[in-house]
$ cat start-v4.cif   # mmCIF, C-alpha atoms
data_start
loop_
_atom_site.label_atom_id
_atom_site.label_comp_id
_atom_site.auth_asym_id
_atom_site.auth_seq_id
_atom_site.Cartn_x
_atom_site.Cartn_y
_atom_site.Cartn_z
CA MET Y 210 0.00 0.00 0.00
CA THR Y 211 1.48 3.29 -1.03
CA SER Y 212 0.09 6.71 -0.60
CA VAL Y 213 1.11 10.17 -1.55
CA GLU Y 214 1.41 12.55 1.30
CA ASN Y 215 -1.38 15.01 1.18
CA PRO Y 216 -1.45 18.16 3.22
CA VAL Y 217 -5.18 18.31 3.72
CA GLY Y 218 -5.74 14.98 5.36
CA THR Y 219 -7.20 13.00 2.47
CA ALA Y 220 -5.24 9.92 3.45
CA ALA Y 221 -8.41 7.95 2.84
CA GLU Y 222 -7.66 8.42 -0.84
CA ALA Y 223 -4.49 6.37 -0.53
CA VAL Y 224 -3.77 4.59 -3.78
CA SER Y 225 -3.27 0.86 -3.66
CA SER Y 226 -1.15 0.31 -6.76
CA LYS Y 227 2.12 1.91 -7.66
CA LEU Y 228 1.57 5.43 -8.90
CA VAL Y 229 2.63 6.17 -12.45
CA LEU Y 230 3.87 9.57 -13.52
CA PRO Y 231 4.46 10.31 -17.21
CA ARG Y 232 7.84 11.76 -18.02
CA TYR Y 233 7.90 13.93 -21.12
CA LEU Y 234 10.78 13.53 -23.55
CA ARG Y 235 12.99 16.58 -23.79
CA ASP Y 236 13.21 17.95 -27.33
CA THR Y 237 15.41 20.99 -26.76
CA ASP Y 238 17.39 20.42 -29.97
CA VAL Y 239 14.30 20.89 -32.12
CA HIS Y 240 13.49 24.43 -31.01
CA PRO Y 241 15.15 27.75 -31.82
CA HIS Y 242 17.57 29.30 -29.37
CA LEU Y 243 16.05 32.22 -27.54
CA ASP Y 244 19.15 34.21 -28.46
CA TYR Y 245 19.16 34.34 -32.26
CA THR Y 246 21.06 37.26 -33.75
CA GLY Y 247 19.20 37.18 -37.07
CA TYR Y 248 15.98 38.11 -35.24
CA LYS Y 249 16.92 41.38 -33.60
CA SER Y 250 14.15 41.54 -31.03
CA THR Y 251 15.59 38.47 -29.31
CA ALA Y 252 18.59 40.52 -28.10
CA LEU Y 253 16.98 41.94 -24.96
CA ARG Y 254 14.36 39.25 -24.49
CA HIS Y 255 16.39 36.12 -23.79
CA PRO Y 256 17.63 35.01 -20.38
CA LYS Y 257 21.41 35.03 -19.99
CA GLN Y 258 21.56 32.82 -16.94
CA PRO Y 259 21.50 29.04 -17.48
CA LEU Y 260 18.10 27.39 -17.28
CA ILE Y 261 17.51 25.12 -14.27
CA ALA Y 262 16.19 21.63 -15.04
CA LEU Y 263 12.63 21.25 -13.76
CA PRO Y 264 11.60 17.67 -12.95
CA HIS Y 265 8.24 16.65 -14.38
CA ALA Y 266 6.02 16.40 -11.34
CA PHE Y 267 2.30 16.91 -10.85
CA THR Y 268 2.05 20.51 -12.00
CA GLU Y 269 4.04 19.77 -15.15
CA ILE Y 270 2.33 16.54 -16.24
CA THR Y 271 -1.10 18.08 -15.95
CA GLY Y 272 -2.50 21.08 -17.78
CA PRO Y 273 -5.72 22.86 -18.59
CA LEU Y 274 -8.19 20.62 -20.44
CA LEU Y 275 -10.13 23.32 -22.21
CA GLY Y 276 -13.29 22.13 -23.86
CA GLU Y 277 -16.26 23.17 -25.97
CA GLY Y 278 -16.87 26.08 -23.65
CA ARG Y 279 -14.02 27.94 -25.29
CA LEU Y 280 -15.52 27.67 -28.77
CA GLY Y 281 -17.97 29.83 -30.64
CA GLU Y 282 -20.11 28.36 -33.38
CA LEU Y 283 -18.12 29.81 -36.30
CA ASP Y 284 -14.68 29.67 -34.72
CA ASN Y 285 -13.40 26.99 -37.11
CA ASP Y 286 -14.50 28.84 -40.26
CA LEU Y 287 -12.73 32.18 -40.55
CA THR Y 288 -14.58 32.96 -43.78
CA LYS Y 289 -18.01 33.05 -42.11
CA GLN Y 290 -17.44 35.29 -39.14
CA HIS Y 291 -18.81 38.44 -40.81
CA ASP Y 292 -21.72 39.45 -43.03
CA GLY Y 293 -19.71 39.16 -46.24
CA GLU Y 294 -17.01 36.88 -47.60
CA PRO Y 295 -13.39 37.86 -47.04
CA GLN Y 296 -11.17 38.59 -50.04
CA GLY Y 297 -8.57 36.05 -51.03
CA GLN Y 298 -7.96 32.41 -51.76
CA ARG Y 299 -10.24 30.19 -49.71
CA ILE Y 300 -8.35 27.27 -48.15
CA ILE Y 301 -8.94 24.32 -45.87
CA VAL Y 302 -6.22 23.74 -43.29
CA TYR Y 303 -6.47 20.36 -41.65
CA GLY Y 304 -4.36 17.72 -40.00
CA ARG Y 305 -3.73 15.77 -36.83
CA VAL Y 306 -2.19 16.57 -33.50
CA LEU Y 307 0.03 13.70 -32.38
CA ASP Y 308 2.67 13.14 -29.79
CA SER Y 309 6.15 11.99 -30.74
CA ASP Y 310 5.14 8.37 -30.14
CA GLY Y 311 2.50 8.75 -32.82
CA ARG Y 312 -0.39 8.80 -30.38
CA PRO Y 313 -3.23 11.17 -31.29
CA VAL Y 314 -3.87 14.05 -28.91
CA PRO Y 315 -7.67 14.15 -28.70
CA GLN Y 316 -9.94 16.94 -27.46
CA THR Y 317 -7.23 19.53 -27.30
CA LEU Y 318 -7.71 23.23 -28.02
CA LEU Y 319 -6.10 24.80 -31.10
CA GLU Y 320 -6.06 28.55 -31.50
CA ILE Y 321 -4.93 30.17 -34.75
CA TRP Y 322 -4.45 33.76 -35.85
CA GLN Y 323 -3.24 35.21 -39.12
CA ALA Y 324 -3.01 38.16 -41.51
CA ASN Y 325 -5.60 38.68 -44.23
CA ALA Y 326 -5.03 37.96 -47.94
CA ALA Y 327 -3.19 41.26 -48.33
CA GLY Y 328 -0.83 40.48 -45.45
CA ARG Y 329 -2.44 42.85 -42.95
CA TYR Y 330 -3.42 41.94 -39.39
CA GLN Y 331 -6.57 43.24 -37.76
CA HIS Y 332 -4.47 44.83 -35.04
CA VAL Y 333 -3.82 48.40 -33.91
CA VAL Y 334 -0.04 47.99 -34.18
CA ASP Y 335 -0.15 46.83 -37.83
CA ASN Y 336 -0.40 49.88 -40.06
CA TRP Y 337 1.58 49.11 -43.18
CA PRO Y 338 -0.15 50.25 -46.38
CA ALA Y 339 -2.13 47.13 -47.24
CA PRO Y 340 -5.92 47.03 -46.97
CA LEU Y 341 -7.81 45.71 -43.99
CA ASP Y 342 -10.68 43.40 -44.84
CA PRO Y 343 -13.91 44.20 -42.97
CA ASN Y 344 -14.94 40.58 -43.44
CA PHE Y 345 -11.87 39.02 -41.92
CA THR Y 346 -10.70 39.02 -38.30
CA GLY Y 347 -8.15 36.24 -38.60
CA LEU Y 348 -8.94 34.36 -35.38
CA GLY Y 349 -9.89 30.68 -35.27
CA ARG Y 350 -10.38 28.04 -32.57
CA THR Y 351 -11.29 24.38 -32.59
CA LEU Y 352 -10.84 21.15 -30.63
CA THR Y 353 -9.24 18.04 -32.06
CA ASP Y 354 -11.58 15.05 -32.33
CA HIS Y 355 -11.02 11.62 -30.75
CA GLU Y 356 -8.40 10.82 -33.41
CA GLY Y 357 -6.54 14.09 -32.92
CA LYS Y 358 -7.93 15.54 -36.16
CA TYR Y 359 -8.75 19.20 -36.68
CA ARG Y 360 -9.96 21.31 -39.59
CA PHE Y 361 -10.26 25.03 -40.33
CA THR Y 362 -11.62 26.92 -43.31
CA THR Y 363 -9.86 30.23 -43.86
CA ILE Y 364 -8.19 32.32 -46.55
CA LYS Y 365 -4.54 32.13 -47.52
CA PRO Y 366 -2.67 34.88 -45.68
CA GLY Y 367 -0.38 37.25 -47.56
CA ALA Y 368 3.28 37.93 -46.90
CA TYR Y 369 4.06 41.20 -45.14
CA PRO Y 370 7.04 43.48 -44.49
CA TRP Y 371 8.58 43.96 -41.07
CA LYS Y 372 11.37 46.09 -39.70
CA ASN Y 373 13.90 43.47 -38.65
CA HIS Y 374 16.31 44.39 -41.46
CA HIS Y 375 16.23 46.19 -44.80
CA ASN Y 376 13.45 44.89 -47.06
CA ALA Y 377 12.47 42.16 -44.60
CA TRP Y 378 9.33 40.17 -45.45
CA ARG Y 379 7.70 37.38 -43.49
CA PRO Y 380 6.70 34.34 -45.53
CA ALA Y 381 2.95 33.73 -45.40
CA HIS Y 382 2.09 31.88 -42.21
CA ILE Y 383 -0.65 31.02 -39.75
CA HIS Y 384 0.09 31.13 -36.02
CA PHE Y 385 -0.90 27.97 -34.14
CA SER Y 386 -1.26 27.64 -30.36
CA LEU Y 387 -1.69 24.22 -28.76
CA PHE Y 388 -2.13 23.02 -25.20
CA GLY Y 389 -1.82 19.26 -25.54
CA ARG Y 390 -2.71 17.51 -22.30
CA ALA Y 391 0.11 18.72 -20.09
CA PHE Y 392 1.98 21.90 -19.24
CA THR Y 393 5.06 20.29 -20.78
CA GLN Y 394 3.32 20.02 -24.16
CA ARG Y 395 2.31 23.66 -24.58
CA LEU Y 396 3.41 24.83 -28.03
CA VAL Y 397 3.07 27.98 -30.11
CA THR Y 398 4.32 27.66 -33.67
CA GLN Y 399 3.71 28.92 -37.19
CA MET Y 400 2.47 26.99 -40.20
CA TYR Y 401 4.03 27.89 -43.53
CA PHE Y 402 3.05 27.13 -47.13
CA PRO Y 403 5.02 24.93 -49.55
CA ASP Y 404 7.73 26.42 -51.74
CA ASP Y 405 7.57 29.94 -50.35
CA PRO Y 406 10.33 31.96 -52.07
CA LEU Y 407 10.82 33.99 -48.87
CA PHE Y 408 12.07 31.03 -46.78
CA PRO Y 409 15.80 31.69 -47.37
CA TYR Y 410 15.47 35.28 -46.15
CA ASP Y 411 13.35 34.82 -43.04
CA PRO Y 412 15.26 34.68 -39.73
CA ILE Y 413 12.25 33.41 -37.79
CA PHE Y 414 11.80 30.38 -40.05
CA ASN Y 415 15.56 29.81 -40.14
CA SER Y 416 15.95 30.13 -36.37
CA VAL Y 417 15.08 26.44 -36.19
CA PRO Y 418 18.56 24.91 -36.40
CA ASP Y 419 17.74 21.57 -38.02
CA GLU Y 420 16.54 21.53 -41.63
CA LYS Y 421 14.31 18.50 -41.14
CA ALA Y 422 12.68 20.21 -38.18
CA ARG Y 423 12.16 23.38 -40.22
CA LYS Y 424 10.35 21.37 -42.87
CA ARG Y 425 7.93 20.10 -40.23
CA MET Y 426 6.54 23.65 -40.08
CA ILE Y 427 5.61 23.60 -43.78
CA SER Y 428 2.15 22.39 -44.70
CA ARG Y 429 1.54 20.04 -47.63
CA PHE Y 430 -0.70 20.91 -50.55
CA ASP Y 431 -3.29 18.15 -50.84
CA LEU Y 432 -5.30 18.04 -54.04
CA ALA Y 433 -7.36 15.12 -52.76
CA SER Y 434 -8.71 17.23 -49.93
CA THR Y 435 -9.57 20.31 -51.95
CA GLN Y 436 -13.23 21.06 -52.42
CA PRO Y 437 -13.90 21.36 -56.17
CA ASP Y 438 -15.13 24.80 -57.20
CA TRP Y 439 -14.66 26.01 -53.63
CA ALA Y 440 -11.36 25.74 -51.72
CA LEU Y 441 -7.77 24.49 -51.90
CA ALA Y 442 -6.45 22.34 -49.07
CA PHE Y 443 -3.26 22.19 -47.02
CA GLU Y 444 -2.41 19.44 -44.56
CA PHE Y 445 -0.48 20.30 -41.41
CA ASP Y 446 0.25 17.72 -38.73
CA ILE Y 447 1.58 18.96 -35.42
CA VAL Y 448 3.72 16.77 -33.18
CA LEU Y 449 3.95 17.47 -29.45
CA ARG Y 450 6.36 15.90 -26.98
CA GLY Y 451 5.62 12.29 -26.13
CA SER Y 452 5.91 10.72 -22.72
CA GLU Y 453 6.94 7.53 -21.10
CA ALA Y 454 5.31 6.25 -17.98
CA THR Y 455 7.62 5.82 -15.05
CA PRO Y 456 6.72 4.46 -11.64
CA PHE Y 457 6.21 7.21 -9.13
CA GLU Y 458 8.24 6.48 -6.03
CA THR Y 459 6.69 7.75 -2.87
CA GLU Y 460 8.65 8.17 0.31
CA GLU Y 461 6.96 5.10 1.73
CA ASP Y 462 8.32 2.96 -1.08
CA ASP Y 463 11.79 3.59 0.22
CA GLU Y 464 11.08 2.19 3.64
CA MET C 92 10.04 7.72 -30.14
CA SER C 93 9.39 7.96 -33.84
CA LEU C 94 8.09 11.35 -34.88
CA GLY C 95 10.08 14.58 -34.67
CA THR C 96 8.29 17.29 -32.75
CA THR C 97 7.11 20.52 -34.34
CA PRO C 98 9.44 23.43 -33.57
CA SER C 99 8.36 26.48 -31.59
CA GLN C 100 8.04 29.90 -33.23
CA THR C 101 7.42 33.33 -31.77
CA VAL C 102 3.91 34.54 -31.00
CA GLY C 103 4.89 37.75 -32.82
CA PRO C 104 3.49 41.23 -32.22
CA TYR C 105 -0.14 40.34 -32.90
CA LEU C 106 -0.63 37.60 -30.32
CA SER C 107 -3.56 39.44 -28.77
CA ILE C 108 -5.68 38.51 -31.80
CA GLY C 109 -5.37 34.83 -31.05
CA LEU C 110 -4.44 34.40 -27.42
CA THR C 111 -6.57 36.71 -25.31
CA TRP C 112 -9.86 35.75 -23.73
CA ASP C 113 -12.30 38.03 -21.93
CA ASP C 114 -12.13 35.72 -18.93
CA GLY C 115 -8.43 34.90 -19.43
CA PRO C 116 -7.17 36.38 -16.16
CA PHE C 117 -9.70 34.44 -14.09
CA ALA C 118 -8.18 31.14 -13.02
CA ALA C 119 -10.86 31.33 -10.31
CA PRO C 120 -14.28 32.97 -10.71
CA GLU C 121 -14.33 36.64 -9.80
CA GLY C 122 -15.34 37.14 -6.20
CA THR C 123 -14.37 33.66 -5.00
CA PRO C 124 -13.76 33.77 -1.22
CA GLY C 125 -10.01 33.79 -0.64
CA GLY C 126 -9.34 34.98 -4.18
CA ILE C 127 -6.05 36.76 -4.82
CA TRP C 128 -4.70 38.91 -7.62
CA VAL C 129 -1.19 37.94 -8.66
CA ARG C 130 0.18 40.89 -10.59
CA GLY C 131 3.51 41.81 -12.04
CA ARG C 132 5.47 43.65 -14.67
CA LEU C 133 7.37 42.08 -17.54
CA THR C 134 10.65 43.81 -18.40
CA ASP C 135 13.52 43.21 -20.85
CA GLY C 136 17.31 43.39 -20.62
CA ASN C 137 17.25 47.20 -20.64
CA GLY C 138 14.69 47.29 -17.86
CA ASP C 139 12.13 48.51 -20.39
CA VAL C 140 8.60 47.19 -20.10
CA VAL C 141 7.41 44.51 -22.52
CA PRO C 142 3.98 45.69 -23.69
CA ASP C 143 3.38 42.82 -26.12
CA GLY C 144 3.84 39.76 -23.95
CA LEU C 145 1.54 37.09 -22.59
CA ILE C 146 1.69 35.39 -19.20
CA GLU C 147 0.01 32.02 -18.66
CA THR C 148 -0.35 30.32 -15.29
CA TRP C 149 -1.17 26.75 -14.28
CA GLN C 150 -1.55 25.44 -10.74
CA ALA C 151 -3.19 23.03 -8.33
CA ASP C 152 -6.35 23.93 -6.48
CA PRO C 153 -6.23 24.94 -2.80
CA GLU C 154 -6.30 21.26 -1.82
CA GLY C 155 -3.26 20.51 -3.96
CA ARG C 156 -5.27 18.59 -6.54
CA PHE C 157 -5.71 18.70 -10.31
CA ASP C 158 -8.84 17.97 -12.32
CA HIS C 159 -6.77 15.90 -14.74
CA PRO C 160 -6.62 12.17 -15.52
CA ASP C 161 -2.81 12.05 -15.52
CA ASP C 162 -2.60 13.03 -11.88
CA PRO C 163 -1.57 9.64 -10.46
CA ARG C 164 -3.82 10.24 -7.47
CA GLY C 165 -6.75 10.47 -9.90
CA ALA C 166 -8.56 13.48 -11.28
CA ALA C 167 -10.21 15.53 -8.56
CA ALA C 168 -13.06 17.91 -9.29
CA PRO C 169 -11.98 21.36 -8.14
CA SER C 170 -12.50 21.91 -4.44
CA VAL C 171 -13.86 25.36 -5.32
CA ALA C 172 -16.66 25.55 -7.90
CA GLY C 173 -15.57 27.03 -11.21
CA PHE C 174 -11.87 26.90 -10.42
CA ARG C 175 -9.98 26.56 -13.73
CA GLY C 176 -6.39 26.60 -12.49
CA PHE C 177 -5.32 28.23 -15.74
CA GLY C 178 -4.95 31.94 -16.26
CA ARG C 179 -3.68 34.04 -19.13
CA SER C 180 -3.06 37.75 -19.25
CA ALA C 181 -1.54 39.85 -22.01
CA THR C 182 0.75 42.60 -20.75
CA ASP C 183 -0.55 46.15 -21.10
CA ALA C 184 1.24 49.32 -22.26
CA ASN C 185 3.08 49.39 -18.92
CA GLY C 186 4.13 45.74 -19.13
CA GLU C 187 1.66 44.89 -16.38
CA TRP C 188 -0.25 41.61 -16.19
CA GLY C 189 -2.54 40.07 -13.60
CA VAL C 190 -4.23 36.76 -12.84
CA TYR C 191 -7.03 36.25 -10.33
CA THR C 192 -6.73 32.92 -8.58
CA LEU C 193 -6.58 30.99 -5.33
CA LYS C 194 -3.42 30.09 -3.53
CA PRO C 195 -2.53 26.53 -4.55
CA GLY C 196 -2.15 23.71 -2.05
CA ARG C 197 1.00 21.65 -1.75
CA VAL C 198 1.67 18.84 -4.20
CA PRO C 199 4.32 16.12 -4.15
CA ASP C 200 7.57 16.33 -6.07
CA VAL C 201 9.00 13.42 -8.09
CA GLU C 202 10.39 11.85 -4.91
CA GLY C 203 7.04 12.07 -3.16
CA ALA C 204 8.06 14.88 -0.81
CA LEU C 205 5.78 17.88 -0.61
CA GLN C 206 6.61 20.93 -2.67
CA ALA C 207 5.87 24.43 -1.50
CA PRO C 208 2.77 26.06 -3.02
CA HIS C 209 3.69 27.16 -6.54
CA ILE C 210 2.26 28.28 -9.85
CA ASP C 211 3.89 27.29 -13.15
CA VAL C 212 4.28 30.21 -15.54
CA SER C 213 4.84 30.48 -19.30
CA VAL C 214 6.01 33.76 -20.80
CA PHE C 215 5.46 34.49 -24.48
CA ALA C 216 6.32 37.64 -26.45
CA ARG C 217 7.44 39.06 -29.73
CA GLY C 218 11.20 38.53 -29.82
CA MET C 219 10.91 35.20 -28.00
CA LEU C 220 11.25 32.20 -30.31
CA GLN C 221 9.87 29.93 -27.64
CA ARG C 222 8.24 30.42 -24.28
CA VAL C 223 10.25 30.64 -21.11
CA VAL C 224 9.02 28.87 -18.01
CA THR C 225 9.28 30.01 -14.43
CA ARG C 226 7.51 29.37 -11.13
CA ILE C 227 5.75 31.63 -8.68
CA TYR C 228 6.38 30.77 -5.04
CA PHE C 229 5.02 32.78 -2.13
CA ALA C 230 7.34 34.80 0.11
CA ASP C 231 5.11 34.21 3.15
CA GLU C 232 5.49 30.41 2.93
CA GLU C 233 8.93 30.37 4.47
CA ALA C 234 8.82 26.92 6.02
CA ALA C 235 7.39 25.24 2.94
CA ASN C 236 9.80 27.10 0.67
CA ALA C 237 12.75 25.98 2.77
CA ALA C 238 11.77 22.35 2.21
CA ASP C 239 11.05 22.63 -1.53
CA SER C 240 13.31 20.52 -3.74
CA VAL C 241 12.95 22.72 -6.82
CA LEU C 242 13.79 25.90 -4.93
CA ALA C 243 16.73 24.07 -3.41
CA SER C 244 18.04 23.40 -6.93
CA VAL C 245 18.11 27.13 -7.68
CA PRO C 246 21.26 29.09 -6.76
CA ALA C 247 20.59 30.76 -3.40
CA GLU C 248 21.41 34.24 -4.67
CA SER C 249 18.66 34.16 -7.31
CA ARG C 250 15.95 32.30 -5.37
CA ASP C 251 14.26 35.58 -4.44
CA THR C 252 13.32 36.12 -8.09
CA LEU C 253 10.81 33.27 -7.67
CA LEU C 254 9.10 34.70 -4.59
CA ALA C 255 5.87 36.66 -5.00
CA VAL C 256 5.53 39.30 -2.30
CA PRO C 257 2.26 40.02 -0.48
CA THR C 258 0.20 43.07 -1.50
CA ASP C 259 -3.16 44.51 -0.45
CA ASP C 260 -5.14 42.14 -2.63
CA GLY C 261 -2.75 39.29 -3.30
CA TYR C 262 0.84 39.11 -4.47
CA ARG C 263 3.30 40.83 -6.77
CA PHE C 264 5.58 38.87 -9.08
CA ASP C 265 7.70 40.88 -11.52
CA ILE C 266 9.41 39.01 -14.33
CA ARG C 267 12.75 40.22 -15.69
CA LEU C 268 13.70 38.44 -18.89
CA GLN C 269 17.36 39.45 -18.79
CA GLY C 270 19.97 41.40 -16.86
CA ASP C 271 19.95 42.70 -13.28
CA GLY C 272 17.68 40.58 -11.13
CA GLU C 273 17.00 38.24 -14.05
CA THR C 274 14.21 35.86 -13.13
CA VAL C 275 15.17 32.20 -12.80
CA PHE C 276 13.82 30.22 -15.76
CA PHE C 277 13.52 26.47 -16.01
CA ALA C 278 14.28 23.92 -18.70
CA LEU C 279 11.20 21.80 -19.06
#
$ encode --input "start-v4.cif" --output "structure tokens"
Amino acid sequence: MTSVENPVGTAAEAVSSKLVLPRYLRDTDVHPHLDYTGYKSTALRHPKQPLIALPHAFTEITGPLLGEGRLGELDNDLTKQHDGEPQGQRIIVYGRVLDSDGRPVPQTLLEIWQANAAGRYQHVVDNWPAPLDPNFTGLGRTLTDHEGKYRFTTIKPGAYPWKNHHNAWRPAHIHFSLFGRAFTQRLVTQMYFPDDPLFPYDPIFNSVPDEKARKRMISRFDLASTQPDWALAFEFDIVLRGSEATPFETEEDDE
Amino acid sequence: MSLGTTPSQTVGPYLSIGLTWDDGPFAAPEGTPGGIWVRGRLTDGNGDVVPDGLIETWQADPEGRFDHPDDPRGAAAPSVAGFRGFGRSATDANGEWGVYTLKPGRVPDVEGALQAPHIDVSVFARGMLQRVVTRIYFADEEAANAADSVLASVPAESRDTLLAVPTDDGYRFDIRLQGDGETVFFAL
């Protein structure tokens, strides 16, 4: 009989079998360094002290399980959120959310945001001379289904200039935010489109050190999933950190 | 292990379009007895405020439990009705953020010993290619803090950066991304 110490006297909830705590695989090599000289704004926004390893305990292996309550009816169709149709190329963006062991991540919240077809965000800070679209906000949300699948309808965002260096342009992209099922799995990334000619010039895309990892941010054009006479389709699978189950040793186990 | 994970990218300057909720700051329902505001300022390596950041918080309920199936003790419905345990707050023009919550209970560490009450924090911003992770501890939990294995792993001279200090309506926890008084960040 093992039990986890509990400060509020719920010893009656003692667990009879060995407790199992998932341990999430560390994937540090996949992600960009916080200090990346090509992206100038990183200079004052990265820690200089070494990071301290945080063991994966209860707070880390759990996370918010955000459900239908976060969704509005039209949140997964960014082309229907206003009275009229937005300008631009209508596209379907779909795929699966998996962990690195290939297991689907079901019922997890995805949030996306993006520029309009002209490359302009519906945001007070974005004021470059491209038109806003009164029929496009650029915000989407959905939950994955039981197989980890998700699907949005939106319009293809445009590229846009930014001030990082002379004549800097961001390749067209859609921002993706994912929770997974644990604090360790939280991920914010960007989805790109195949064969974008701006890839070689974009420090944010190229901040990912490994070429194979960079390519995992590029969606795949999928003719089979297009809707004839309606919308093109791009497939984008997202892979979160996997976990292995390890026995959770309580103090009493050591006795 | 078979599939490579998807790399992180910055939230960029327009994160508020996608990542802000009207009820984001409320990890506990407004007006919950015992509710506290945890507030702070996010600053960069020059000491300038970061007005385009996002703070997210995740924590146990006041009983030290999680409403989550991976908690090896079993999922526990929140001990306080409507408690979400998750808060998110974009920083304002002054770099200020705030989350309304309840002080978490103690939960075990990986060795089974109790940790001090803590809140896990993610920080996102333009200019950050991935989140950084830190923890809020509470300065008025001296005994529990002294016995906490994670705090013990942090160099003594920078431990104070993880301590939220009491205020009139809760606690204050400033986050310095770089430089003097740099907050301790964790590798997850």
$ closest_atom_pairs --input "start-v4.cif" --of "range 244-362 of chain Y" --to "range 427-433 of chain Y" --cutoff "12 Å" --atoms "all atoms listed in the file" --output "JSON lines"
{"residue": "Y:Ile300", "atom": "CA", "partner": "Y:Phe430", "partner_atom": "CA", "distance": 10.2}
{"residue": "Y:Ile301", "atom": "CA", "partner": "Y:Asp431", "partner_atom": "CA", "distance": 9.7}
{"residue": "Y:Val302", "atom": "CA", "partner": "Y:Ser428", "partner_atom": "CA", "distance": 8.6}
{"residue": "Y:Tyr303", "atom": "CA", "partner": "Y:Ser428", "partner_atom": "CA", "distance": 9.4}
{"residue": "Y:Gly304", "atom": "CA", "partner": "Y:Ser428", "partner_atom": "CA", "distance": 9.3}
{"residue": "Y:Arg305", "atom": "CA", "partner": "Y:Ser428", "partner_atom": "CA", "distance": 11.8}
$ atom_distance --input "start-v4.cif" --atom1 "CA of Leu193 in chain C" --atom2 "CA of Gly126 in chain C"
5.0 Å
$ closest_atom_pairs --input "start-v4.cif" --of "chain Y" --to "chain C" --cutoff "6 Å" --atoms "all atoms listed in the file" --output "tab-separated table"
residue	atom	partner	partner_atom	distance
Y:Leu228	CA	C:Pro163	CA	5.5
Y:Val229	CA	C:Pro163	CA	5.8
Y:Val239	CA	C:Pro98	CA	5.7
Y:His240	CA	C:Pro98	CA	4.9
Y:Leu243	CA	C:Leu220	CA	5.5
Y:Ser250	CA	C:Gly218	CA	4.4
Y:Thr251	CA	C:Gly218	CA	4.4
Y:Leu253	CA	C:Gly136	CA	4.6
Y:Arg254	CA	C:Asp135	CA	5.4
Y:Pro256	CA	C:Gln269	CA	4.7
Y:Leu260	CA	C:Phe277	CA	4.8
Y:Ile261	CA	C:Phe277	CA	4.6
Y:Ala262	CA	C:Ala278	CA	4.7
Y:Leu263	CA	C:Leu279	CA	5.5
Y:Ala266	CA	C:Val201	CA	5.3
Y:Ser309	CA	C:Leu94	CA	4.6
Y:Asp310	CA	C:Met92	CA	4.9
Y:Ile321	CA	C:Gly109	CA	6.0
Y:Trp322	CA	C:Gly109	CA	5.0
Y:Leu348	CA	C:Gly109	CA	5.6
Y:Val397	CA	C:Ser99	CA	5.7
Y:Thr398	CA	C:Gln100	CA	4.4
Y:Gln399	CA	C:Gln100	CA	5.9
Y:Arg425	CA	C:Thr97	CA	6.0
Y:Ile447	CA	C:Thr97	CA	5.8
Y:Val448	CA	C:Thr96	CA	4.6
Y:Leu449	CA	C:Thr96	CA	5.5
Y:Glu458	CA	C:Glu202	CA	5.9
Y:Thr459	CA	C:Gly203	CA	4.3
Y:Glu460	CA	C:Gly203	CA	5.5
$ resolve_selection --input "start-v4.cif" --expression "the PyMOL selection byres ((chain C and resi 144) around 6)" --output "compact mmCIF listing (two decimals) with C-alpha atoms, in the coordinates of the input"
# COMPACT_ATOMS: atom_id res chain seq x y z
CA PRO C 142 3.98 45.69 -23.69
CA ASP C 143 3.38 42.82 -26.12
CA LEU C 145 1.54 37.09 -22.59
CA ALA C 181 -1.54 39.85 -22.01
CA THR C 182 0.75 42.60 -20.75
CA PHE C 215 5.46 34.49 -24.48
CA ALA C 216 6.32 37.64 -26.45
$ atom_distance --input "start-v4.cif" --atom1 "CA of Ala381 in chain Y" --atom2 "CA of Gly293 in chain Y"
23.3 Å
$ residues_around --input "start-v4.cif" --residues "Arg232 in chain Y" --least-positions-apart "4" --cutoff "8 Å" --atoms "only C-alpha atoms" --output "short mmCIF file (atom, residue, chain, number, x, y, z; two decimals) with C-alpha atoms, in the coordinates of the input"
data_model
loop_
_atom_site.label_atom_id
_atom_site.label_comp_id
_atom_site.auth_asym_id
_atom_site.auth_seq_id
_atom_site.Cartn_x
_atom_site.Cartn_y
_atom_site.Cartn_z
CA HIS Y 265 8.24 16.65 -14.38
CA ILE Y 270 2.33 16.54 -16.24
CA SER Y 452 5.91 10.72 -22.72
CA GLU Y 453 6.94 7.53 -21.10
CA ALA Y 454 5.31 6.25 -17.98
CA THR Y 455 7.62 5.82 -15.05
#
$ atom_distance --input "start-v4.cif" --atom1 "CA of Leu133 in chain C" --atom2 "CA of Ala255 in chain C"
13.7 Å
$ resolve_selection --input "start-v4.cif" --expression "the PyMOL selection byres ((chain Y and resi 273-290) around 8)" --output "PyMOL selection string"
(chain Y and resi 271-272+291-295+299+316-318+344-352+360-364+388+390-392) or (chain C and resi 149+159+175-177)
$ residues_around --input "start-v4.cif" --residues "Pro124 in chain C" --least-positions-apart "6" --cutoff "12 Å" --atoms "all atoms listed in the file" --output "ChimeraX atom specification"
/C:153,171-172,174,191-194
$ write_last_selection --input "start-v4.cif" --atoms "C-alpha atoms" --output "PDB file, keeping the file's coordinate frame"
ATOM      1  CA  PRO C 153      -6.230  24.940  -2.800  1.00  0.00           C
ATOM      2  CA  VAL C 171     -13.860  25.360  -5.320  1.00  0.00           C
ATOM      3  CA  ALA C 172     -16.660  25.550  -7.900  1.00  0.00           C
ATOM      4  CA  PHE C 174     -11.870  26.900 -10.420  1.00  0.00           C
ATOM      5  CA  TYR C 191      -7.030  36.250 -10.330  1.00  0.00           C
ATOM      6  CA  THR C 192      -6.730  32.920  -8.580  1.00  0.00           C
ATOM      7  CA  LEU C 193      -6.580  30.990  -5.330  1.00  0.00           C
ATOM      8  CA  LYS C 194      -3.420  30.090  -3.530  1.00  0.00           C
TER       9      LYS C 194
END
